[in-house]
Amino acid sequence: MTLPSLTPPNYDDVAAAAHRLKGMAHRTPVLRSSTADERQGAQLFFKCENLQRTGAFKFRGAFNTLAQFTDEQRERGVLAFSAGNHAQAIALSARLLDMPAVIVMPEDAPAAKMAATRDYGAQVVTYNRYTEDREAISRRLALERGMTLVPPFDHPHVIAGQGTAAKELFEEVPDLDYLFVCVGGGGLLAGSLLAAEALAPQCRVVGVEPAAGNDGQQSFKAGHVVQIPTPHTIADGAQTQALGQLTFPIIQRLADDMVTATDEQLVESLRFFAERMKIVVEPTGALAFAGAQYGNVDIHGARVGILISGGNVDLSRLARFLAD
Ligand SMILES: *Cc1c(COP(=O)(O)O)cnc(C)c1O
């Protein structure tokens with residue numbers, strides 16, 4: 001069973017998602033750093049979704065989607081494929097809504113993410129991300145067990161849920177000139193764009209991808225979805241091969257620009273977060289800040305929102321990055 005609706009989401013869906021998430025998702029803090037401001041010659045506002053439930057913004061889209069299941073769908077449960085954060089988000093949302101969950105994960109997913117997914121009560125099925133097709137595996141399992149497959153980014157309810165983080169930021173910090181958002185499949189960016197269009201039309205929203213996997217940037221320039229092989233980057237949450245059928249048109253229509261950051265620039269950003277701001281951020285979560293610093297967008301004198309997307313990283317892995 002797949003979800004029926006593939007109508008593109010709009011801002012009303014983001015507002016409805018915010019209502020559903022009230023009391024379920026954290027309203028995450030917006031942090032400042034005078035050192036960051038001085039270095040960039042700008043005012044930076046860090047929206048900390050690394051402090052969201054399950055350690056990433058994905059809880060927003062997952063809960064918003066599962067909360068709209070029919071009684072029959074709830075009974076059969078939910079199935080998802082994910083490199084990690086969508087998995088934990090689905091697992092916790094399923095537990096909160098009292099339904100079974102099966103998660104299909106790459107066998108080399110970070111240990112902390114896999115363990116957390118199991119701890120939330122989901123069953124984990126693994127596959128090889130370089131040789132096997134996770135979507136085919138997931139579809140077969142969903143069919144066999146009658147479970148509803150929830151994709152990590154290309155679904156209207158997921159996109160609407162992800163948009164609630166930017167909605168909160170725009171409500172808390174008016175007059176932003178820029179918002180930088182990391183991009184994997186584009187769910188977070190698409191949702192943020194819908195929020196920006198309604199709440200901060202003056203704000204230029206910039207997507208940031210790993211330099212090794214700039215399919216979104218290529219798509220944005222080409223005017224159609226460009227697919228690439230799975231990129232090798234430390235930003236494991238953004239190793240997607242292509243934008244989605246729903247996320248791409250929204251990004252194409254509303255994004256101001258798409259820029260990239262190298263793994264080295266991500267490590268520098270992670271170091272800044274740990275040393276100066278005392279926060280644990282995962283490599284993918286540092287994309288937006290790295291893009292603001294190194295992406296050749298002139299932010300001088302501007303008010304700049306930075307969406308920190310997640311904080312799930314094995315600490316030994318983080319320590320290795322920072323030791324280099
Ligand atoms: C999923 C994820 C992303 C990418 O989000 P998309 O909606 O696929 O673009 C970025 N950062 C983190 C931490 C994530 O978990």
# chains A, B, ... in the order shown; residues from 1 in each chain; ligands from 1
$ residues_around --residues "region 45-51 of chain A" --least-positions-apart "6" --cutoff "7 Å" --atoms "only C-alpha atoms" --output "list in words"
Thr28, Pro29, Val30, Leu31, Arg32, Phe57, Leu169, Val281, Val304, Gly305, Ile306, Leu307, Ile308, Ser309, Gly310 and Gly311 of chain A
$ residues_around --residues "region 79-94 of chain A" --least-positions-apart "6" --cutoff "6 Å" --atoms "only C-alpha atoms" --output "list in words"
Lys58, Phe59, Ala62, Phe63, Ala101, Val102, Ile103, Val104, Met105, Ala109, Lys113, Thr117, Tyr120, Ala122, Met147, Thr148, Leu149, Val150 and Pro152 of chain A
$ residues_near_ligand --ligand "ligand 1" --cutoff "6 Å" --atoms "only C-alpha atoms and all ligand atoms" --output "VMD selection string"
chain A and resid 56 85 153 182 to 188 237 to 238 284 to 285 309 to 310
$ write_last_selection --atoms "N, CA, C and O atoms" --output "PDB file, in the first residue's frame"
ATOM      1  N   ALA A  56      17.094  15.259  14.591  1.00  0.00           N
ATOM      2  CA  ALA A  56      17.054  15.848  13.246  1.00  0.00           C
ATOM      3  C   ALA A  56      15.634  16.331  12.918  1.00  0.00           C
ATOM      4  O   ALA A  56      14.652  15.848  13.496  1.00  0.00           O
ATOM      5  N   ASN A  85      18.317   9.164   9.557  1.00  0.00           N
ATOM      6  CA  ASN A  85      17.474  10.059  10.348  1.00  0.00           C
ATOM      7  C   ASN A  85      15.981   9.912  10.062  1.00  0.00           C
ATOM      8  O   ASN A  85      15.165  10.041  10.968  1.00  0.00           O
ATOM      9  N   PHE A 153      11.604  11.950   1.413  1.00  0.00           N
ATOM     10  CA  PHE A 153      11.437  13.371   1.058  1.00  0.00           C
ATOM     11  C   PHE A 153      10.325  13.633   0.044  1.00  0.00           C
ATOM     12  O   PHE A 153       9.661  14.652   0.113  1.00  0.00           O
ATOM     13  N   CYS A 182      20.330  22.831   3.829  1.00  0.00           N
ATOM     14  CA  CYS A 182      21.000  21.706   3.183  1.00  0.00           C
ATOM     15  C   CYS A 182      20.025  20.936   2.296  1.00  0.00           C
ATOM     16  O   CYS A 182      18.805  20.962   2.509  1.00  0.00           O
ATOM     17  N   VAL A 183      20.574  20.254   1.300  1.00  0.00           N
ATOM     18  CA  VAL A 183      19.736  19.540   0.333  1.00  0.00           C
ATOM     19  C   VAL A 183      20.227  18.109   0.119  1.00  0.00           C
ATOM     20  O   VAL A 183      21.376  17.880  -0.243  1.00  0.00           O
ATOM     21  N   GLY A 184      19.340  17.163   0.351  1.00  0.00           N
ATOM     22  CA  GLY A 184      19.558  15.780  -0.068  1.00  0.00           C
ATOM     23  C   GLY A 184      18.573  15.540  -1.204  1.00  0.00           C
ATOM     24  O   GLY A 184      18.821  15.847  -2.358  1.00  0.00           O
ATOM     25  N   GLY A 185      17.380  15.037  -0.851  1.00  0.00           N
ATOM     26  CA  GLY A 185      16.321  14.891  -1.836  1.00  0.00           C
ATOM     27  C   GLY A 185      15.478  16.148  -1.976  1.00  0.00           C
ATOM     28  O   GLY A 185      14.605  16.226  -2.836  1.00  0.00           O
ATOM     29  N   GLY A 186      15.719  17.117  -1.100  1.00  0.00           N
ATOM     30  CA  GLY A 186      15.069  18.410  -1.227  1.00  0.00           C
ATOM     31  C   GLY A 186      13.779  18.589  -0.442  1.00  0.00           C
ATOM     32  O   GLY A 186      13.083  19.590  -0.619  1.00  0.00           O
ATOM     33  N   GLY A 187      13.456  17.667   0.454  1.00  0.00           N
ATOM     34  CA  GLY A 187      12.233  17.810   1.260  1.00  0.00           C
ATOM     35  C   GLY A 187      12.308  18.997   2.204  1.00  0.00           C
ATOM     36  O   GLY A 187      11.354  19.788   2.316  1.00  0.00           O
ATOM     37  N   LEU A 188      13.447  19.131   2.877  1.00  0.00           N
ATOM     38  CA  LEU A 188      13.610  20.242   3.821  1.00  0.00           C
ATOM     39  C   LEU A 188      13.629  21.571   3.073  1.00  0.00           C
ATOM     40  O   LEU A 188      12.987  22.536   3.491  1.00  0.00           O
ATOM     41  N   GLY A 237      23.732  12.150   5.108  1.00  0.00           N
ATOM     42  CA  GLY A 237      22.298  12.445   4.974  1.00  0.00           C
ATOM     43  C   GLY A 237      21.959  13.084   3.638  1.00  0.00           C
ATOM     44  O   GLY A 237      20.796  13.307   3.331  1.00  0.00           O
ATOM     45  N   ALA A 238      22.993  13.374   2.832  1.00  0.00           N
ATOM     46  CA  ALA A 238      22.754  14.038   1.541  1.00  0.00           C
ATOM     47  C   ALA A 238      23.377  13.240   0.398  1.00  0.00           C
ATOM     48  O   ALA A 238      23.799  13.789  -0.609  1.00  0.00           O
ATOM     49  N   THR A 284      26.249  16.309   7.623  1.00  0.00           N
ATOM     50  CA  THR A 284      25.191  16.852   6.763  1.00  0.00           C
ATOM     51  C   THR A 284      24.573  18.099   7.390  1.00  0.00           C
ATOM     52  O   THR A 284      24.180  19.033   6.683  1.00  0.00           O
ATOM     53  N   GLY A 285      24.512  18.098   8.709  1.00  0.00           N
ATOM     54  CA  GLY A 285      23.907  19.222   9.426  1.00  0.00           C
ATOM     55  C   GLY A 285      24.707  20.501   9.309  1.00  0.00           C
ATOM     56  O   GLY A 285      24.199  21.595   9.597  1.00  0.00           O
ATOM     57  N   SER A 309      20.541  20.954  10.314  1.00  0.00           N
ATOM     58  CA  SER A 309      19.501  19.947  10.101  1.00  0.00           C
ATOM     59  C   SER A 309      19.520  18.764  11.058  1.00  0.00           C
ATOM     60  O   SER A 309      18.484  18.160  11.304  1.00  0.00           O
ATOM     61  N   GLY A 310      20.722  18.423  11.589  1.00  0.00           N
ATOM     62  CA  GLY A 310      20.758  17.255  12.468  1.00  0.00           C
ATOM     63  C   GLY A 310      22.050  17.122  13.249  1.00  0.00           C
ATOM     64  O   GLY A 310      23.053  17.777  12.938  1.00  0.00           O
TER      65      GLY A 310
END
$ residues_around --residues "region 261-271 of chain A" --least-positions-apart "3" --cutoff "10 Å" --atoms "only C-alpha atoms" --output "ChimeraX atom specification"
/A:182,208-214,232-235,274-295,318-319,321-324
$ select_by_dssp --residues "region 27-205 of chain A" --states "alpha helix (DSSP H)" --output "PyMOL selection string"
chain A and resi 34-40+58-66+71-76+85-96+111-119+134-145+156-172+187-199
$ closest_residue --among "A:Thr70, A:Asn64, A:Thr7, A:Ser33" --to "Thr164 (chain A)" --atoms "only C-alpha atoms"
A:Asn64
$ residues_around --residues "region 314-316 of chain A" --least-positions-apart "5" --cutoff "8 Å" --atoms "only C-alpha atoms" --output "ChimeraX atom specification"
/A:110-112
$ atom_distance --atom1 "CA of Leu6 (chain A)" --atom2 "CA of Leu66 (chain A)"
15.3 Å
$ select_by_dssp --residues "region 47-189 of chain A" --states "strand (DSSP E or B)" --output "MDAnalysis selection string"
chainID A and resid 47:48 56 78:81 101:106 123:127 148:149 178:182
$ write_last_selection --atoms "C-alpha atoms" --output "CSV table (one decimal), in the first residue's frame"
chain,number,residue,atom,x,y,z
A,47,LYS,CA,18.0,27.2,13.8
A,48,CYS,CA,19.0,24.1,15.8
A,56,ALA,CA,17.1,15.8,13.2
A,78,VAL,CA,4.6,1.8,8.3
A,79,LEU,CA,7.6,0.9,6.2
A,80,ALA,CA,10.5,3.3,5.3
A,81,PHE,CA,13.9,3.2,3.7
A,101,ALA,CA,7.3,0.0,11.8
A,102,VAL,CA,9.8,-1.7,9.5
A,103,ILE,CA,12.9,0.2,8.4
A,104,VAL,CA,15.2,-0.7,5.4
A,105,MET,CA,18.7,0.7,6.1
A,106,PRO,CA,22.1,0.5,4.4
A,123,GLN,CA,12.3,-3.8,13.0
A,124,VAL,CA,15.5,-3.1,10.9
A,125,VAL,CA,16.2,-4.8,7.5
A,126,THR,CA,19.6,-4.1,5.9
A,127,TYR,CA,20.9,-3.8,2.3
A,148,THR,CA,2.4,1.9,4.0
A,149,LEU,CA,5.7,3.0,2.5
A,178,TYR,CA,18.9,34.9,3.4
A,179,LEU,CA,18.2,31.4,4.6
A,180,PHE,CA,20.6,28.5,3.9
A,181,VAL,CA,19.2,25.0,3.9
A,182,CYS,CA,21.0,21.7,3.2
$ closest_residue --among "A:Glu171, A:Arg204, A:Asp108, A:Asn10" --to "Arg129 (chain A)" --atoms "only C-alpha atoms"
A:Asp108
$ atom_distance --atom1 "CA of Ala242 (chain A)" --atom2 "CA of Pro229 (chain A)"
9.0 Å
$ residues_around --residues "Ala198 (chain A)" --least-positions-apart "4" --cutoff "12 Å" --atoms "only C-alpha atoms" --output "PyMOL selection string"
chain A and resi 10-15+163+166-167+170-171+191-194+202-203+254
$ closest_residue --among "A:Phe248, A:Phe220, A:Phe272, A:Phe69" --to "Asp98 (chain A)" --atoms "only C-alpha atoms"
A:Phe69
$ atom_distance --atom1 "CA of Glu197 (chain A)" --atom2 "CA of Arg60 (chain A)"
19.4 Å
$ residues_around --residues "region 255-258 of chain A" --least-positions-apart "4" --cutoff "6 Å" --atoms "only C-alpha atoms" --output "tab-separated table (two decimals) with N, CA, C and O atoms, in the first residue's frame"
chain	number	residue	atom	x	y	z
A	204	ARG	N	15.88	35.44	0.54
A	204	ARG	CA	16.42	34.59	-0.53
A	204	ARG	C	16.85	33.26	0.07
A	204	ARG	O	17.66	33.24	1.00
A	205	VAL	N	16.30	32.19	-0.43
A	205	VAL	CA	16.58	30.87	0.13
A	205	VAL	C	17.57	30.13	-0.77
A	205	VAL	O	17.35	30.01	-1.98
A	206	VAL	N	18.68	29.69	-0.16
A	206	VAL	CA	19.77	29.05	-0.91
A	206	VAL	C	19.93	27.61	-0.45
A	206	VAL	O	20.07	27.35	0.75
A	207	GLY	N	19.91	26.68	-1.38
A	207	GLY	CA	20.14	25.27	-1.07
A	207	GLY	C	21.63	24.96	-1.08
A	207	GLY	O	22.37	25.52	-1.88
A	208	VAL	N	22.06	24.07	-0.19
A	208	VAL	CA	23.48	23.70	-0.12
A	208	VAL	C	23.63	22.19	-0.19
A	208	VAL	O	23.03	21.45	0.59
A	217	GLN	N	22.05	21.08	-7.82
A	217	GLN	CA	22.57	22.27	-8.50
A	217	GLN	C	22.48	22.09	-10.02
A	217	GLN	O	22.05	22.98	-10.74
A	251	ILE	N	11.51	23.66	-5.78
A	251	ILE	CA	12.86	24.24	-5.72
A	251	ILE	C	13.13	25.08	-6.96
A	251	ILE	O	13.63	26.20	-6.88
